[in-house]
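Enquirer: work-v2.cif is reproduced below (mmCIF, C-alpha atoms).
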data_target
loop_
_atom_site.label_atom_id
_atom_site.label_comp_id
_atom_site.auth_asym_id
_atom_site.auth_seq_id
_atom_site.Cartn_x
_atom_site.Cartn_y
_atom_site.Cartn_z
CA MET Q 608 -45.61 179.37 93.53
CA SER Q 609 -46.66 181.03 96.74
CA GLU Q 610 -46.01 179.48 100.11
CA ILE Q 611 -48.87 178.62 102.39
CA HIS Q 612 -48.39 178.33 106.14
CA LEU Q 613 -50.65 176.01 108.05
CA GLN Q 614 -50.70 173.92 111.18
CA ILE Q 615 -51.03 170.13 111.23
CA ASP Q 616 -51.27 168.41 114.62
CA GLY Q 617 -49.59 171.41 116.24
CA LYS Q 618 -46.69 171.46 113.76
CA GLU Q 619 -46.09 174.46 111.56
CA VAL Q 620 -46.06 173.33 107.95
CA VAL Q 621 -45.04 175.25 104.84
CA ALA Q 622 -46.84 174.02 101.76
CA SER Q 623 -47.21 175.27 98.24
CA GLU Q 624 -50.41 176.10 96.44
CA GLY Q 625 -52.31 173.20 94.97
CA MET Q 626 -51.15 170.68 97.57
CA THR Q 627 -53.68 168.71 99.53
CA ILE Q 628 -53.68 168.24 103.29
CA LEU Q 629 -52.43 164.71 102.70
CA ASP Q 630 -49.43 165.96 100.68
CA ALA Q 631 -48.61 168.62 103.26
CA ALA Q 632 -48.81 166.13 106.14
CA LYS Q 633 -46.47 163.78 104.29
CA THR Q 634 -43.77 166.45 104.05
CA VAL Q 635 -43.53 166.64 107.86
CA GLY Q 636 -43.87 162.92 108.38
CA ILE Q 637 -47.45 162.82 109.63
CA ALA Q 638 -49.21 159.72 108.34
CA ILE Q 639 -52.86 159.90 107.34
CA PRO Q 640 -54.37 156.53 106.50
CA THR Q 641 -55.66 156.13 102.94
CA LEU Q 642 -57.30 153.35 100.95
CA CYS Q 643 -58.43 154.92 97.68
CA HIS Q 644 -55.39 157.17 97.25
CA HIS Q 645 -52.70 156.47 94.65
CA GLU Q 646 -49.79 158.77 93.82
CA LYS Q 647 -50.20 158.45 90.08
CA LEU Q 648 -53.95 158.96 90.04
CA GLU Q 649 -56.16 161.98 90.40
CA PRO Q 650 -57.43 162.46 93.96
CA TYR Q 651 -60.75 160.68 94.39
CA GLY Q 652 -61.98 161.03 97.96
CA GLY Q 653 -63.97 157.83 97.80
CA CYS Q 654 -63.11 155.90 100.93
CA ARG Q 655 -63.16 158.82 103.40
CA ILE Q 656 -60.69 157.01 105.66
CA CYS Q 657 -58.40 160.04 105.34
CA THR Q 658 -61.03 162.21 107.05
CA VAL Q 659 -59.39 164.92 109.17
CA GLU Q 660 -60.70 167.78 111.25
CA VAL Q 661 -59.88 171.24 109.95
CA GLU Q 662 -60.55 174.60 111.53
CA VAL Q 663 -61.44 177.39 109.15
CA ARG Q 664 -61.80 180.76 110.85
CA GLY Q 665 -62.37 178.99 114.13
CA TRP Q 666 -65.06 176.65 112.82
CA PRO Q 667 -64.18 172.98 112.91
CA LYS Q 668 -65.33 170.74 110.09
CA LEU Q 669 -64.58 167.27 108.79
CA VAL Q 670 -63.03 166.95 105.34
CA ALA Q 671 -61.30 164.30 103.24
CA GLY Q 672 -57.57 164.97 103.56
CA CYS Q 673 -56.70 163.56 100.15
CA ILE Q 674 -58.77 166.11 98.22
CA TYR Q 675 -58.92 169.17 100.48
CA PRO Q 676 -56.46 171.81 99.24
CA VAL Q 677 -54.24 173.56 101.77
CA GLU Q 678 -55.28 177.04 102.82
CA LYS Q 679 -53.53 179.84 104.66
CA ASP Q 680 -53.66 179.50 108.46
CA LEU Q 681 -55.56 176.24 108.32
CA VAL Q 682 -55.51 174.23 111.55
CA VAL Q 683 -55.63 170.50 110.88
CA ARG Q 684 -56.05 167.69 113.37
CA THR Q 685 -55.38 164.27 111.91
CA ARG Q 686 -56.24 162.41 115.10
CA SER Q 687 -59.07 163.44 117.38
CA GLU Q 688 -61.87 161.64 119.11
CA LYS Q 689 -64.27 162.59 116.32
CA VAL Q 690 -61.92 161.59 113.51
CA ASP Q 691 -61.01 158.29 115.13
CA LYS Q 692 -64.66 157.42 115.61
CA ILE Q 693 -65.48 158.15 111.97
CA ARG Q 694 -62.56 156.02 110.78
CA LYS Q 695 -63.59 153.22 113.12
CA VAL Q 696 -67.17 153.12 111.82
CA LEU Q 697 -66.01 153.36 108.19
CA LEU Q 698 -63.67 150.43 108.78
CA GLU Q 699 -66.42 148.41 110.42
CA GLU Q 700 -68.65 149.02 107.40
CA MET Q 701 -65.89 148.05 104.98
CA LEU Q 702 -65.10 144.95 107.02
CA ALA Q 703 -68.67 143.82 106.51
CA HIS Q 704 -67.79 143.61 102.80
CA ALA Q 705 -64.22 142.34 103.01
CA PRO Q 706 -63.64 140.83 106.45
CA ASP Q 707 -60.24 139.31 105.67
CA ALA Q 708 -58.55 142.12 103.76
CA GLU Q 709 -55.11 142.65 105.31
CA GLU Q 710 -55.02 146.42 104.85
CA LEU Q 711 -58.37 146.78 106.55
CA GLN Q 712 -57.38 144.53 109.43
CA ALA Q 713 -54.22 146.50 110.11
CA LEU Q 714 -56.24 149.72 110.26
CA ALA Q 715 -58.97 148.05 112.29
CA LYS Q 716 -56.42 147.13 114.93
CA GLU Q 717 -55.23 150.71 115.19
CA TYR Q 718 -58.71 152.22 115.43
CA GLY Q 719 -60.29 149.45 117.47
CA ALA Q 720 -62.82 148.56 114.79
CA ASP Q 721 -64.92 145.46 115.44
CA ARG Q 722 -65.02 143.34 112.30
CA ASP Q 723 -68.25 141.68 113.37
CA ARG Q 724 -70.20 144.81 114.18
CA PHE Q 725 -72.25 144.76 110.99
CA GLU Q 726 -73.79 141.77 109.33
CA LYS Q 727 -71.42 140.39 106.71
CA GLU Q 728 -72.21 140.88 103.07
CA PRO Q 729 -68.99 139.70 101.47
CA SER Q 730 -68.90 141.46 98.13
CA PHE Q 731 -65.15 141.88 98.79
CA CYS Q 732 -65.27 145.29 97.11
CA ILE Q 733 -64.96 148.51 99.11
CA HIS Q 734 -65.50 150.75 96.06
CA CYS Q 735 -62.12 152.45 96.32
CA GLY Q 736 -62.15 152.72 92.52
CA LEU Q 737 -58.39 152.11 92.25
CA CYS Q 738 -58.75 149.53 89.49
CA VAL Q 739 -61.31 151.58 87.57
CA ARG Q 740 -59.27 154.76 87.75
CA TYR Q 741 -55.93 153.07 87.08
CA CYS Q 742 -57.28 151.43 83.95
CA ALA Q 743 -58.85 154.68 82.74
CA GLU Q 744 -56.18 157.21 83.72
CA ILE Q 745 -52.89 155.35 83.36
CA LYS Q 746 -53.59 152.54 80.91
CA LYS Q 747 -56.41 154.38 79.09
CA LYS Q 748 -58.08 151.06 78.31
CA HIS Q 749 -61.32 151.42 80.28
CA ALA Q 750 -61.58 147.65 80.65
CA VAL Q 751 -63.16 147.81 84.08
CA GLY Q 752 -65.90 150.11 85.32
CA PHE Q 753 -68.60 150.59 87.90
CA VAL Q 754 -72.10 149.39 87.16
CA ASP Q 755 -75.43 149.96 88.89
CA ARG Q 756 -75.74 152.31 91.83
CA GLY Q 757 -76.18 152.66 95.55
CA SER Q 758 -75.85 149.44 97.50
CA ASN Q 759 -75.90 147.43 94.26
CA ARG Q 760 -72.90 149.23 92.77
CA GLU Q 761 -70.10 146.91 91.76
CA ILE Q 762 -67.05 146.69 89.56
CA SER Q 763 -67.39 144.90 86.28
CA PHE Q 764 -65.01 144.15 83.44
CA ILE Q 765 -66.25 144.80 79.92
CA PRO Q 766 -65.67 141.35 78.42
CA GLU Q 767 -64.95 142.62 74.89
CA ILE Q 768 -62.23 145.01 76.07
CA ALA Q 769 -60.89 142.70 78.79
CA SER Q 770 -60.39 139.88 76.31
CA LYS Q 771 -58.07 142.07 74.25
CA GLU Q 772 -56.27 144.13 76.85
CA CYS Q 773 -56.12 142.38 80.19
CA TRP Q 774 -54.31 139.10 79.62
CA ASP Q 775 -50.81 140.64 79.61
CA CYS Q 776 -51.48 143.66 81.86
CA LYS Q 777 -53.29 142.85 85.11
CA GLU Q 778 -51.51 145.82 86.68
CA CYS Q 779 -54.65 146.63 88.63
CA PHE Q 780 -54.57 143.33 90.53
CA PRO Q 781 -51.97 144.34 93.14
CA LEU Q 782 -53.74 147.68 93.67
CA CYS Q 783 -56.86 146.06 95.04
CA PRO Q 784 -56.98 146.33 98.85
CA THR Q 785 -59.26 143.29 98.97
CA SER Q 786 -59.29 140.62 96.32
CA ALA Q 787 -62.59 141.46 94.72
CA LEU Q 788 -60.99 142.53 91.48
CA GLN Q 789 -59.46 139.18 90.65
CA ALA Q 790 -62.76 137.48 91.30
CA ALA Q 791 -64.50 139.96 89.00
CA TYR Q 792 -61.92 139.24 86.32
CA VAL Q 793 -62.38 135.49 86.59
CA LEU Q 794 -66.13 136.04 86.21
CA ALA Q 795 -65.59 138.25 83.17
CA GLU Q 796 -63.22 135.71 81.65
CA SER Q 797 -66.04 133.21 81.41
CA LEU Q 798 -68.01 135.75 79.37
CA ILE Q 799 -65.21 136.56 76.98
CA PRO Q 800 -66.41 135.42 73.58
CA GLN Q 801 -64.36 132.59 72.11
CA PRO Q 802 -63.70 133.15 68.40
CA ASP Q 803 -64.85 129.68 67.39
CA ALA Q 804 -67.77 129.49 69.81
CA GLU Q 805 -71.33 129.81 68.62
CA VAL Q 806 -72.66 133.34 68.58
CA SER Q 807 -74.81 133.95 71.62
CA SER Q 808 -78.50 133.99 70.81
CA CYS Q 809 -79.28 136.82 73.18
CA SER Q 810 -78.79 140.35 71.91
CA CYS Q 811 -79.18 142.15 75.21
CA SER Q 812 -76.53 144.54 76.49
CA CYS Q 813 -76.30 143.22 80.03
CA SER Q 814 -73.49 140.72 79.46
CA CYS Q 815 -75.80 137.90 80.44
CA SER Q 816 -74.09 135.56 77.97
CA GLY Q 817 -77.22 134.30 76.34
CA LYS Q 818 -79.54 133.75 79.26
CA SER Q 819 -83.09 134.95 78.70
CA GLY Q 820 -83.13 138.72 78.70
CA THR Q 821 -86.81 139.20 79.35
CA GLY Q 822 -89.28 138.36 82.03
CA GLU Q 823 -86.72 138.32 84.79
CA MET A 553 -81.89 147.50 64.64
CA ASP A 554 -81.05 150.23 62.19
CA ILE A 555 -77.55 151.70 62.51
CA ALA A 556 -78.55 154.63 60.28
CA LYS A 557 -81.21 155.57 62.80
CA ILE A 558 -78.67 155.55 65.62
CA ASP A 559 -76.37 157.71 63.50
CA GLN A 560 -79.26 160.11 62.90
CA ILE A 561 -79.86 160.41 66.65
CA ILE A 562 -76.16 161.06 67.23
CA GLU A 563 -76.19 163.64 64.40
CA ASN A 564 -79.13 165.42 66.04
CA HIS A 565 -76.87 166.09 68.99
CA ASN A 566 -73.90 167.05 66.79
CA GLY A 567 -72.02 163.98 67.99
CA GLU A 568 -70.93 165.75 71.15
CA GLU A 569 -69.57 163.74 74.02
CA SER A 570 -71.41 165.95 76.48
CA SER A 571 -74.74 164.92 74.94
CA LEU A 572 -74.21 161.26 75.79
CA ILE A 573 -77.12 161.00 78.20
CA GLN A 574 -79.48 162.83 75.81
CA ILE A 575 -78.48 160.47 73.00
CA LEU A 576 -79.05 157.43 75.21
CA LEU A 577 -82.46 158.82 76.21
CA ASP A 578 -83.41 159.24 72.53
CA ILE A 579 -82.34 155.67 71.76
CA GLN A 580 -84.27 154.47 74.79
CA SER A 581 -87.48 156.18 73.64
CA GLU A 582 -87.02 154.92 70.08
CA TYR A 583 -86.44 151.26 70.93
CA HIS A 584 -87.66 151.10 74.55
CA TRP A 585 -84.26 149.74 75.50
CA LEU A 586 -80.57 150.18 74.72
CA PRO A 587 -79.40 147.47 72.30
CA LYS A 588 -75.76 146.49 72.60
CA GLU A 589 -74.95 147.40 68.98
CA ALA A 590 -76.41 150.86 69.53
CA LEU A 591 -74.21 151.41 72.58
CA ALA A 592 -71.16 150.21 70.69
CA ARG A 593 -71.97 152.65 67.88
CA VAL A 594 -72.47 155.55 70.29
CA GLY A 595 -69.16 154.77 71.99
CA GLU A 596 -67.39 154.66 68.66
CA ARG A 597 -68.85 157.89 67.32
CA LEU A 598 -68.56 159.89 70.55
CA GLN A 599 -65.17 158.46 71.54
CA VAL A 600 -66.54 157.42 74.91
CA PRO A 601 -65.29 154.15 76.45
CA MET A 602 -67.81 151.33 76.82
CA SER A 603 -67.26 151.12 80.57
CA ARG A 604 -68.44 154.72 80.88
CA ILE A 605 -71.57 154.05 78.86
CA GLN A 606 -72.35 150.96 80.91
CA GLN A 607 -71.88 152.90 84.10
CA ILE A 608 -74.35 155.55 82.97
CA ALA A 609 -76.82 153.12 81.43
CA SER A 610 -76.92 151.00 84.58
CA PHE A 611 -77.04 154.01 86.91
CA TYR A 612 -80.22 155.69 85.67
CA LYS A 613 -83.54 153.94 86.02
CA ALA A 614 -84.74 155.55 82.79
CA PHE A 615 -82.45 153.24 80.81
CA SER A 616 -82.98 149.56 80.23
CA LEU A 617 -80.34 147.10 79.07
CA VAL A 618 -82.94 144.44 78.34
CA PRO A 619 -85.81 144.77 75.85
CA LYS A 620 -88.95 146.43 77.19
CA GLY A 621 -92.53 145.99 76.06
CA ARG A 622 -94.27 148.34 73.62
CA HIS A 623 -96.50 149.61 76.43
CA GLU A 624 -95.10 150.72 79.73
CA VAL A 625 -97.48 150.30 82.64
CA HIS A 626 -96.58 152.17 85.81
CA VAL A 627 -98.59 151.46 88.91
CA CYS A 628 -98.16 154.01 91.66
CA VAL A 629 -97.59 152.46 95.08
CA GLY A 630 -96.85 155.71 96.91
CA THR A 631 -98.38 156.28 100.32
CA ALA A 632 -101.59 157.94 99.12
CA CYS A 633 -102.18 155.39 96.36
CA HIS A 634 -101.30 152.56 98.72
CA VAL A 635 -103.97 153.73 101.17
CA ARG A 636 -106.46 154.05 98.32
CA GLY A 637 -105.91 150.49 97.13
CA ALA A 638 -102.82 150.41 94.88
CA GLN A 639 -102.20 146.80 95.80
CA ARG A 640 -105.52 145.74 94.29
CA VAL A 641 -104.69 147.69 91.13
CA LEU A 642 -101.30 145.99 90.96
CA ASP A 643 -102.84 142.55 91.53
CA THR A 644 -105.34 143.16 88.72
CA VAL A 645 -102.61 144.34 86.36
CA GLN A 646 -100.64 141.21 87.20
CA ASP A 647 -103.67 139.01 86.54
CA ILE A 648 -104.31 140.58 83.15
CA THR A 649 -100.75 140.87 81.85
CA GLY A 650 -99.36 137.82 83.61
CA ILE A 651 -96.24 139.70 84.72
CA GLY A 652 -95.14 141.36 87.93
CA PRO A 653 -93.27 144.58 88.63
CA GLY A 654 -89.97 144.89 86.74
CA GLU A 655 -90.97 142.24 84.21
CA THR A 656 -91.75 142.18 80.49
CA ASP A 657 -93.96 139.63 78.82
CA ALA A 658 -92.69 137.26 76.16
CA GLU A 659 -94.56 139.04 73.30
CA LEU A 660 -92.92 142.34 74.33
CA LYS A 661 -96.36 143.87 74.71
CA PHE A 662 -96.25 145.10 78.31
CA SER A 663 -93.64 146.10 80.83
CA VAL A 664 -94.91 146.60 84.36
CA GLU A 665 -93.18 148.79 86.92
CA THR A 666 -94.14 150.12 90.29
CA VAL A 667 -93.38 153.77 90.98
CA ASN A 668 -93.31 155.54 94.30
CA CYS A 669 -95.24 158.68 93.47
CA LEU A 670 -96.54 160.22 90.27
CA GLY A 671 -97.21 163.52 91.96
CA CYS A 672 -101.01 163.47 91.72
CA CYS A 673 -101.99 161.88 95.01
CA ALA A 674 -105.53 163.30 94.91
CA LEU A 675 -106.20 161.06 91.90
CA GLY A 676 -105.12 157.88 93.67
CA PRO A 677 -104.91 155.06 93.01
CA VAL A 678 -103.10 156.05 89.83
CA MET A 679 -101.94 153.92 86.94
CA GLU A 680 -99.92 155.33 84.05
CA VAL A 681 -99.96 153.64 80.66
CA ASP A 682 -97.55 155.00 78.03
CA GLY A 683 -97.42 158.36 79.76
CA LYS A 684 -101.18 158.73 80.12
CA HIS A 685 -102.46 158.90 83.68
CA HIS A 686 -105.51 156.97 84.76
CA GLY A 687 -106.67 158.38 88.08
CA ASN A 688 -109.13 156.95 90.59
CA ILE A 689 -108.95 153.72 88.69
CA ALA A 690 -111.10 150.82 89.81
CA PRO A 691 -109.82 147.28 89.28
CA SER A 692 -112.81 146.67 86.96
CA GLN A 693 -111.70 149.49 84.62
CA ILE A 694 -108.13 148.23 84.26
CA ALA A 695 -108.99 145.48 81.80
CA SER A 696 -110.53 147.90 79.30
CA VAL A 697 -107.53 150.25 79.55
CA LEU A 698 -105.04 147.46 78.97
CA ASN A 699 -107.12 145.77 76.27
CA ASN A 700 -107.07 149.03 74.29
CA CYS A 701 -103.31 148.63 73.95
CA GLU A 702 -102.18 147.01 70.76
#
For this file, write the structure as structure tokens.

Expert:
Amino acid sequence: MSEIHLQIDGKEVVASEGMTILDAAKTVGIAIPTLCHHEKLEPYGGCRICTVEVEVRGWPKLVAGCIYPVEKDLVVRTRSEKVDKIRKVLLEEMLAHAPDAEELQALAKEYGADRDRFEKEPSFCIHCGLCVRYCAEIKKKHAVGFVDRGSNREISFIPEIASKECWDCKECFPLCPTSALQAAYVLAESLIPQPDAEVSSCSCSCSCSGKSGTGE
Amino acid sequence: MDIAKIDQIIENHNGEESSLIQILLDIQSEYHWLPKEALARVGERLQVPMSRIQQIASFYKAFSLVPKGRHEVHVCVGTACHVRGAQRVLDTVQDITGIGPGETDAELKFSVETVNCLGCCALGPVMEVDGKHHGNIAPSQIASVLNNCE
């Protein structure tokens, strides 16, 4: 594998092909904050908290460090005024969803993010996708997934799969940077069909557990 | 719901995983919604996990996870139609069908939706019933259009 020379925060770094900026920074002990990154999972680039400034042929641009592959003669700045501001605003937005998450609060302290800047909408999920990807990539059970889109997007367990697979696994619980996942599981648990219970009268596919499916 | 029909739709697309959205669209146009058994069958045949199907089915507005009426009424409330009186059209549709935007009546006859532009602003206000456009529609004409639906 060929060696790639690049510069991170003024330090000369030798990386190999296929590494990301995040990997390369780790080898020289430069910490880039991450929320959606997990060693065992494919890079995702969902939370953008790892945003760094790179200079390609003299042109600066902002990229996600966890998915951007290293290039020859790349100049990377992991802390700059621009980068810090982006991380601060991202944290403030995430804090509107999960104001008491410890990981977020630690980062907020470092970047001076104000947890009350945006109106709170405590969904407790920051859409890092760790649970969804862990279940799909490592466990290959696909018990939890995203539903809906845009501002309504949320994680949701598939009750039929969760009832069979989750009770003795729950490996995704400690991954969650907030605690949204456990709440979602508790909600799904109430939908898990009991073998002796009456069959739900509603045949809709929206997991509404028998509430009227029409006219809503 | 007929499982053989679902199988036929899947067969038409050679049971390929990459045709998932096309298959869902075909089921949607056949039944006007995506029944749970159909989704389970598609997942089984295509080897696609249910969470993936749910993600797709809930992402696109073209899919419905609850039963829809036999006739789909779309009232355009885009800027041009709004200026030309879309609200009155919508009010009349609501009076006649008894349901508002995003709803389906109990007999599964009508589903009413608002849309943001149908791309024919010169015809505004526009109402679309089962794919047929009714341009320059006056509230008094709406009753006859909707009463023609069985």

Enquirer: Could you list, as a JSON list (two decimals) with C-alpha atoms, in the coordinates of the input, every residue within 10 Å of Val621 in chain Q, counting only C-alpha atoms and ignoring same-chain residues fewer than 4 positions away?

Expert:
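This is the output file out15.json:
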[["chain", "number", "residue", "atom", "x", "y", "z"],
["Q", 610, "GLU", "CA", -46.01, 179.48, 100.11],
["Q", 611, "ILE", "CA", -48.87, 178.62, 102.39],
["Q", 612, "HIS", "CA", -48.39, 178.33, 106.14],
["Q", 613, "LEU", "CA", -50.65, 176.01, 108.05],
["Q", 614, "GLN", "CA", -50.70, 173.92, 111.18],
["Q", 631, "ALA", "CA", -48.61, 168.62, 103.26],
["Q", 632, "ALA", "CA", -48.81, 166.13, 106.14],
["Q", 634, "THR", "CA", -43.77, 166.45, 104.05],
["Q", 635, "VAL", "CA", -43.53, 166.64, 107.86],
["Q", 677, "VAL", "CA", -54.24, 173.56, 101.77],
["Q", 679, "LYS", "CA", -53.53, 179.84, 104.66]]

Enquirer: So that I can see what lies close to range 702-707 of chain Q, please list as JSON, numbers by chain the residues with an atom at most 9 Å from it, counting all atoms listed in the file and leaving out residues fewer than 2 positions away in the same chain.

Expert: {"Q": [697, 698, 699, 700, 709, 710, 711, 712, 715, 720, 721, 722, 723, 724, 725, 726, 727, 728, 729, 730, 731, 732, 733, 785, 786, 787]}

Enquirer: At a cut-off of 9 Å, using all atoms listed in the file, what residues contact range 666-668 of chain A? Leave out same-chain residues fewer than 3 positions from it and give the result as number ranges by chain.

Expert: A: 625-631, 642, 653-654

Enquirer: Using only C-alpha atoms, what table do you get, as a Markdown table, when you list each residue of chain A with an atom no more than 8 Å from chain Q, its nearest pair of atoms, and their distance in Å rounded to one decimal, rows by chain then rising number?

Expert:
| residue | atom | partner | partner_atom | distance |
| --- | --- | --- | --- | --- |
| A:Leu586 | CA | Q:Ser812 | CA | 7.2 |
| A:Pro587 | CA | Q:Ser812 | CA | 5.9 |
| A:Lys588 | CA | Q:Ser812 | CA | 4.4 |
| A:Pro601 | CA | Q:His749 | CA | 6.2 |
| A:Met602 | CA | Q:His749 | CA | 7.4 |
| A:Ser603 | CA | Q:Gly752 | CA | 5.0 |
| A:Arg604 | CA | Q:Gly752 | CA | 6.9 |
| A:Gln606 | CA | Q:Val754 | CA | 6.4 |
| A:Gln607 | CA | Q:Val754 | CA | 4.7 |
| A:Ile608 | CA | Q:Val754 | CA | 7.8 |
| A:Ser610 | CA | Q:Asp755 | CA | 4.7 |
| A:Phe611 | CA | Q:Asp755 | CA | 4.8 |
| A:Leu617 | CA | Q:Ser812 | CA | 5.3 |
| A:Val618 | CA | Q:Cys811 | CA | 5.4 |
| A:Pro619 | CA | Q:Thr821 | CA | 6.7 |
| A:Lys620 | CA | Q:Thr821 | CA | 7.8 |
| A:Ile651 | CA | Q:Gly822 | CA | 7.6 |
| A:Gly654 | CA | Q:Glu823 | CA | 7.6 |
| A:Glu655 | CA | Q:Gly822 | CA | 4.8 |
| A:Thr656 | CA | Q:Gly822 | CA | 4.8 |
| A:Asp657 | CA | Q:Gly822 | CA | 5.8 |
| A:Ala658 | CA | Q:Gly822 | CA | 6.9 |

Enquirer: Can you spell out as number ranges by chain the set of residues that the PyMOL selection byres ((chain Q and resi 671) around 10) selects in the structure I just provided?

Expert: Q: 627-629, 641, 651-661, 669-670, 672-676

Enquirer: So what does the PyMOL selection byres ((chain A and resi 645) around 12) actually pick up in this one, as a PyMOL selection string?

Expert: chain A and resi 624-628+638-644+646-653+662-666+679-681+689-699

Enquirer: Can you tell me, as a list in words, what residues are no more than 10 Å from Glu796 in chain Q when counting only C-alpha atoms, ignoring any on the same chain fewer than 3 positions away?

Expert: Phe764, Ile765, Pro766, Glu767, Ala769, Ser770, Cys773, Trp774, Ala790, Ala791, Tyr792, Val793, Ile799 and Pro800 of chain Q

Enquirer: With distances taken over all atoms listed in the file, which residue among Q:Lys668, Q:Lys771, Q:Arg684, Q:Lys695 lies nearest Leu714 in chain Q?

Expert: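 Between Q:Lys668, Q:Lys771, Q:Arg684, Q:Lys695, the residue approaching Leu714 in chain Q most closely is Q:Lys695.
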